[in-house]
Every structure is written in structure tokens, then in C-alpha cells.
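Contents: one structure, followed by commentary.
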Amino acid sequence: MKVYSQGDQAIVVSIEKDVSQKLTEDLIALRSYLIDKAYPFITEIVPTESDLMICYDARDMIKHHNIQSPFLYMKALIDSVQLEIKHNDEAQQPLEVPIVYGDEFGPDLPELLKYLKLKLSDFIQLHTGEQYFVSMMGYSPGFPYLTGMHKKLHVNHTSKQKKFIPAGSVIIEGKKCGIVTTDTYNDWLVIGYTPLQLFFPDREDFTLLKLGDNVKFVAKEKNEIELGDFKYVDHNRK
């Protein structure tokens with residue numbers, strides 16, 4: 001683990017390993033520990049897939065807590081708590097996400113199948129056969145980056161051009177997939193759609209998924225589920 005300064009009022013904890021659920025859990029456990037301790041000079045804790053940025057009020061530390069070097073104090077604090085952080089070892093049931101693959105719900109899937117040299121049934125089996133974990137939140141409110149996709153589905157390209165992508169679209173980008181929470185324009189590869197709402201702008205706790213949560217996709221036919229507010233756009237229309 002590497003600890004380094006990010007400007008004069010932030011410190012970054014970087015775990016130099018491949019992204020994995022265990023790594024994400026390490027960062028969550030460290031963040032939870034610091035939040036529980038409620039250090040008055042820590043102003044914000046921002047997690048990513050492999051890093052944790054801890055922002056602090058250096059002026060407050062010097063003036064009110066007699067800390068001469070805020071960075072050295074924070075570094076020593078991080079080093080001291082590593083042995084104390086605890087994981088929640090309770091088995092977490094994955095959130096089941098219904099998904100309709102292809103057709104108007106996954107406009108990029110036919111070309112993707114050609115690229116991957118897979119039949120639709122094989123693609124669905126591989127995509128639904130894995131359990132994913134939320135390794136990062138970002139792009140839009142409640143948007144989960146899901147790690148754990150089968151290696152046979154990894155891609156190294158995006159769509160040829162940006163297009164309208166409605167909320168609920170399930171996308172693939174590189175080694176990850178994601179679930180779009182707000183209508184957007186992007187060049188992601190759209191493979192399907194879920195009516196499951198992940199973003200609730202009128203709630204204080206506005207995201208259904210949190211960092212470290214587990215997800216399992218469940219394939220559905222469009223006549224098996226309520227499709228909600230799906231917005232169909234004919235991308236082939238001139």
C-alpha cells in the first residue's frame with residue numbers, strides 16, 4: 001500500500017494491486033473506520049476502485065489541534081489504523097437485475113456478437129453467469145461500474161459514434177459493465193435494458209447500489225417484465 005500527498009490538504013491511500021472485490025472491501029473498511037472515528041479535521045473521503053482520497057483541513061489541524069505537519073500526521077494515522085480495520089464478513093446476497101438483451105434494447109449487441117464470435121445464447125450465458133461487484137460509482141448519480149465480467153466478453157473498443165442512451169441501459173466498456181441511471185449521450189456499447197430504478201433524486205439516500213455491493217443479471221423476455229419508461233430511439237434512421 002502506498003500513501004502520498006495530493007496537494008496540501010489531501011492524502012491518497014493507494015493499494016497497488018489489480019482491482020478485485022477484496023481490494024474494494026479494504027478501502028470500504030478503511031473509510032468506515034475513519035467515518036466512525038469522526039475526526040473533526042477530516043472534511044471528505046472519496047473512494048475509487050484502487051484509491052482512497054482523504055481530504056483534511058490543514059489550517060484547523062495546525063491552529064486547533066497543535067499538529068505541526070498535517071500530512072505527516074495523516075500518514076501516521078493511516079499507518080496506525082490499518083491493523084484495526086475490520087471487514088463485514090456476512091455473506092451479502094446479490095441484487096438481481098432483470099435485463100432484456102438485444103433488439104431495440106441493446107442496439108450494439110449484434111455487432112458485438114460478431115466481434116466476440118459468440119452466439120446470442122452463449123453471450124447471455126456468460127453475462128448472467130457471473131456475480132459482479134460495484135467497484136466504483138460515478139459518471140452520473142447512482143451509476144455503478146460493475147467488475148467481474150467474464151474475460152470472453154472484454155472489449156477494447158466503443159461504438160463508432162456517440163448516441164442517445166436512455167436510463168436503464170446496460171452497457172459494456174472494456175472489462176466492466178454498467179447501468180445507466182440518467183438519459184445521456186455516449187459511445188458505450190449498449191447490450192440491453194433493465195427497468196430496475198437505481199437513482200432516486202427525491203430521496204436522501206438516492207442510490208440503490210453502493211460501493212462493494214454485489215449484482216447478478218437475470219435474463220428476461222420483454223413480455224415477462226414491465227418495461228417502465230424505456231425510451232426507444234431508432235439509431236439507423238437517417
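FYI, nothing fancy with the C-alpha cells labels: chains A, B, ... in order, residues from 1 per chain, ligands from 1 as they appear.
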Would you list, as number ranges by chain, the residues of stretch 125-217 of chain A that end up in helix (DSSP H, G or I) under DSSP run on this structure's backbone? A: 125-128, 151-153
According to DSSP computed on the backbone, where in stretch 12-168 of chain A is there strand (DSSP E or B)? Give the residues as an NGL selection string. :A and (12-14 or 42-47 or 51-56 or 95-101 or 132-137 or 144-147 or 163-165)
Would you kindly return, as number ranges by chain, each protein, DNA or RNA residue with an atom no farther than 9 Å from any atom of stretch 122-137 of chain A, considering only C-alpha atoms and excluding same-chain residues fewer than 5 positions away? A: 19-21, 24, 47-50, 94, 101, 113, 116, 142-150, 152-153, 209-219
For A:Lys176, which residue among A:Glu96, A:Val3, A:Asn156, A:Lys114 is the nearest when counting only C-alpha atoms?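 Ranked by minimum distance to A:Lys176, first place goes to A:Asn156.
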Measuring atom to atom with only C-alpha atoms, identify which of A:Val81, A:Asp18, A:Phe164, A:Val100 is nearest to A:Arg31.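 The shortest atom-to-atom distance to A:Arg31 comes from A:Val81.
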Set out as CSV a contact list for stretch 18-121 of chain A and stretch 190-193 of chain A with a cut-off of 8 Å, giving each residue of stretch 18-121 of chain A that qualifies its closest atom pair and distance in Å to one decimal, counting only C-alpha atoms, ordered by chain and rising residue number.
```
residue,atom,partner,partner_atom,distance
A:Ile99,CA,A:Tyr193,CA,5.4
A:Val100,CA,A:Tyr193,CA,5.4
A:Tyr101,CA,A:Gly192,CA,4.2
A:Gly102,CA,A:Gly192,CA,5.5
A:Phe105,CA,A:Gly192,CA,4.8
A:Gly106,CA,A:Ile191,CA,3.9
A:Pro107,CA,A:Val190,CA,6.1
A:Asp108,CA,A:Val190,CA,5.3
A:Leu109,CA,A:Ile191,CA,5.0
```
Do a neighbour search on A:Val180 at 12 Å with only C-alpha atoms, toss out local chain neighbours closer than 2 positions, and write the hits as a PyMOL selection string. chain A and resi 137-146+164-172+177-178+182-186+188-199+230
Keeping only N, CA and C atoms, write the selected residues to a file as an mmCIF file, in the first residue's frame.
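As a result, selection24.cif now contains:
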```cif
data_model
loop_
_atom_site.group_PDB
_atom_site.id
_atom_site.type_symbol
_atom_site.label_atom_id
_atom_site.label_comp_id
_atom_site.auth_asym_id
_atom_site.auth_seq_id
_atom_site.Cartn_x
_atom_site.Cartn_y
_atom_site.Cartn_z
ATOM 1 N N MET A 137 -18.411 4.091 -8.167
ATOM 2 C CA MET A 137 -19.616 4.831 -8.523
ATOM 3 C C MET A 137 -19.174 6.090 -9.254
ATOM 4 N N GLY A 138 -19.953 6.495 -10.273
ATOM 5 C CA GLY A 138 -19.523 7.696 -10.961
ATOM 6 C C GLY A 138 -20.308 7.950 -12.227
ATOM 7 N N TYR A 139 -19.803 8.856 -13.027
ATOM 8 C CA TYR A 139 -20.377 9.334 -14.285
ATOM 9 C C TYR A 139 -21.676 10.102 -14.050
ATOM 10 N N SER A 140 -22.667 9.453 -13.455
ATOM 11 C CA SER A 140 -23.928 10.120 -13.125
ATOM 12 C C SER A 140 -24.380 9.590 -11.766
ATOM 13 N N PRO A 141 -25.321 10.261 -11.098
ATOM 14 C CA PRO A 141 -25.749 9.812 -9.770
ATOM 15 C C PRO A 141 -26.252 8.375 -9.783
ATOM 16 N N GLY A 142 -25.692 7.556 -8.909
ATOM 17 C CA GLY A 142 -26.132 6.182 -8.776
ATOM 18 C C GLY A 142 -25.606 5.230 -9.820
ATOM 19 N N PHE A 143 -24.745 5.722 -10.736
ATOM 20 C CA PHE A 143 -24.223 4.873 -11.817
ATOM 21 C C PHE A 143 -23.163 3.919 -11.261
ATOM 22 N N PRO A 144 -23.401 2.590 -11.347
ATOM 23 C CA PRO A 144 -22.432 1.633 -10.822
ATOM 24 C C PRO A 144 -21.513 1.088 -11.924
ATOM 25 N N TYR A 145 -20.220 1.112 -11.655
ATOM 26 C CA TYR A 145 -19.271 0.391 -12.502
ATOM 27 C C TYR A 145 -19.151 -1.015 -11.926
ATOM 28 N N LEU A 146 -19.462 -2.015 -12.736
ATOM 29 C CA LEU A 146 -19.538 -3.390 -12.261
ATOM 30 C C LEU A 146 -18.336 -4.194 -12.755
ATOM 31 N N PHE A 164 -27.733 8.566 -28.335
ATOM 32 C CA PHE A 164 -28.596 8.690 -27.172
ATOM 33 C C PHE A 164 -28.697 7.345 -26.474
ATOM 34 N N ILE A 165 -28.485 7.343 -25.161
ATOM 35 C CA ILE A 165 -28.585 6.121 -24.360
ATOM 36 C C ILE A 165 -29.556 6.391 -23.212
ATOM 37 N N PRO A 166 -30.709 5.740 -23.222
ATOM 38 C CA PRO A 166 -31.701 6.015 -22.182
ATOM 39 C C PRO A 166 -31.335 5.399 -20.836
ATOM 40 N N ALA A 167 -31.866 5.999 -19.789
ATOM 41 C CA ALA A 167 -31.693 5.440 -18.449
ATOM 42 C C ALA A 167 -32.188 3.997 -18.423
ATOM 43 N N GLY A 168 -31.475 3.142 -17.736
ATOM 44 C CA GLY A 168 -31.816 1.721 -17.670
ATOM 45 C C GLY A 168 -31.002 0.872 -18.621
ATOM 46 N N SER A 169 -30.280 1.522 -19.544
ATOM 47 C CA SER A 169 -29.450 0.758 -20.483
ATOM 48 C C SER A 169 -28.303 0.076 -19.749
ATOM 49 N N VAL A 170 -28.022 -1.152 -20.140
ATOM 50 C CA VAL A 170 -26.870 -1.887 -19.604
ATOM 51 C C VAL A 170 -25.775 -1.819 -20.657
ATOM 52 N N ILE A 171 -24.610 -1.340 -20.237
ATOM 53 C CA ILE A 171 -23.533 -1.080 -21.198
ATOM 54 C C ILE A 171 -22.277 -1.868 -20.844
ATOM 55 N N ILE A 172 -21.425 -2.024 -21.854
ATOM 56 C CA ILE A 172 -20.107 -2.621 -21.651
ATOM 57 C C ILE A 172 -19.051 -1.603 -22.039
ATOM 58 N N CYS A 177 -19.016 -3.613 -16.972
ATOM 59 C CA CYS A 177 -20.300 -3.185 -17.490
ATOM 60 C C CYS A 177 -20.899 -2.196 -16.492
ATOM 61 N N GLY A 178 -21.941 -1.521 -16.909
ATOM 62 C CA GLY A 178 -22.562 -0.520 -16.062
ATOM 63 C C GLY A 178 -24.035 -0.417 -16.370
ATOM 64 N N THR A 182 -29.304 7.898 -15.815
ATOM 65 C CA THR A 182 -29.973 9.069 -16.382
ATOM 66 C C THR A 182 -29.741 9.080 -17.891
ATOM 67 N N ASP A 183 -30.708 9.582 -18.654
ATOM 68 C CA ASP A 183 -30.537 9.673 -20.104
ATOM 69 C C ASP A 183 -29.238 10.410 -20.434
ATOM 70 N N THR A 184 -28.517 9.912 -21.436
ATOM 71 C CA THR A 184 -27.230 10.521 -21.749
ATOM 72 C C THR A 184 -26.875 10.273 -23.212
ATOM 73 N N TYR A 185 -25.797 10.908 -23.663
ATOM 74 C CA TYR A 185 -25.191 10.619 -24.958
ATOM 75 C C TYR A 185 -23.787 10.089 -24.689
ATOM 76 N N ASN A 186 -23.455 8.958 -25.302
ATOM 77 C CA ASN A 186 -22.133 8.376 -25.070
ATOM 78 C C ASN A 186 -21.833 7.369 -26.173
ATOM 79 N N TRP A 188 -20.703 4.243 -25.396
ATOM 80 C CA TRP A 188 -20.672 2.917 -24.800
ATOM 81 C C TRP A 188 -21.371 1.903 -25.714
ATOM 82 N N LEU A 189 -21.052 0.636 -25.504
ATOM 83 C CA LEU A 189 -21.724 -0.457 -26.199
ATOM 84 C C LEU A 189 -22.944 -0.864 -25.377
ATOM 85 N N VAL A 190 -24.127 -0.651 -25.943
ATOM 86 C CA VAL A 190 -25.378 -0.932 -25.230
ATOM 87 C C VAL A 190 -25.838 -2.342 -25.589
ATOM 88 N N ILE A 191 -25.955 -3.200 -24.553
ATOM 89 C CA ILE A 191 -26.293 -4.605 -24.796
ATOM 90 C C ILE A 191 -27.708 -4.960 -24.357
ATOM 91 N N GLY A 192 -28.319 -4.138 -23.527
ATOM 92 C CA GLY A 192 -29.649 -4.480 -23.039
ATOM 93 C C GLY A 192 -30.231 -3.377 -22.179
ATOM 94 N N TYR A 193 -31.339 -3.716 -21.530
ATOM 95 C CA TYR A 193 -32.080 -2.712 -20.752
ATOM 96 C C TYR A 193 -32.673 -3.370 -19.520
ATOM 97 N N THR A 194 -32.659 -2.636 -18.394
ATOM 98 C CA THR A 194 -33.350 -3.079 -17.186
ATOM 99 C C THR A 194 -34.304 -1.983 -16.716
ATOM 100 N N PRO A 195 -35.515 -2.347 -16.305
ATOM 101 C CA PRO A 195 -36.439 -1.349 -15.772
ATOM 102 C C PRO A 195 -36.161 -1.029 -14.304
ATOM 103 N N LEU A 196 -35.197 -1.717 -13.699
ATOM 104 C CA LEU A 196 -34.893 -1.504 -12.285
ATOM 105 C C LEU A 196 -34.337 -0.097 -12.075
ATOM 106 N N GLN A 197 -34.976 0.676 -11.214
ATOM 107 C CA GLN A 197 -34.532 2.045 -10.948
ATOM 108 C C GLN A 197 -33.409 2.044 -9.923
ATOM 109 N N LEU A 198 -32.302 2.712 -10.262
ATOM 110 C CA LEU A 198 -31.151 2.773 -9.371
ATOM 111 C C LEU A 198 -30.951 4.149 -8.755
ATOM 112 N N PHE A 199 -31.572 5.170 -9.322
ATOM 113 C CA PHE A 199 -31.365 6.540 -8.874
ATOM 114 C C PHE A 199 -32.691 7.163 -8.469
ATOM 115 N N PHE A 230 -38.924 3.014 -20.736
ATOM 116 C CA PHE A 230 -37.905 2.826 -21.768
ATOM 117 C C PHE A 230 -38.150 3.756 -22.951
#
```
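If only C-alpha atoms are the atoms counted, then among A:Ser14, A:His157, A:Leu27, A:Gln93 the closest residue to A:Tyr115 is A:His157.
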So what do you get for atom CA of A:Gln6 versus atom CA of A:Tyr73, distance-wise? 14.4 Å
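Atom CA of A:Leu52 lies 11.1 Å from atom CA of A:Leu23.
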For atom CA of A:Thr43 and atom CA of A:Tyr56, the interatomic separation in Å (one decimal):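 Those two atoms sit 5.2 Å apart.
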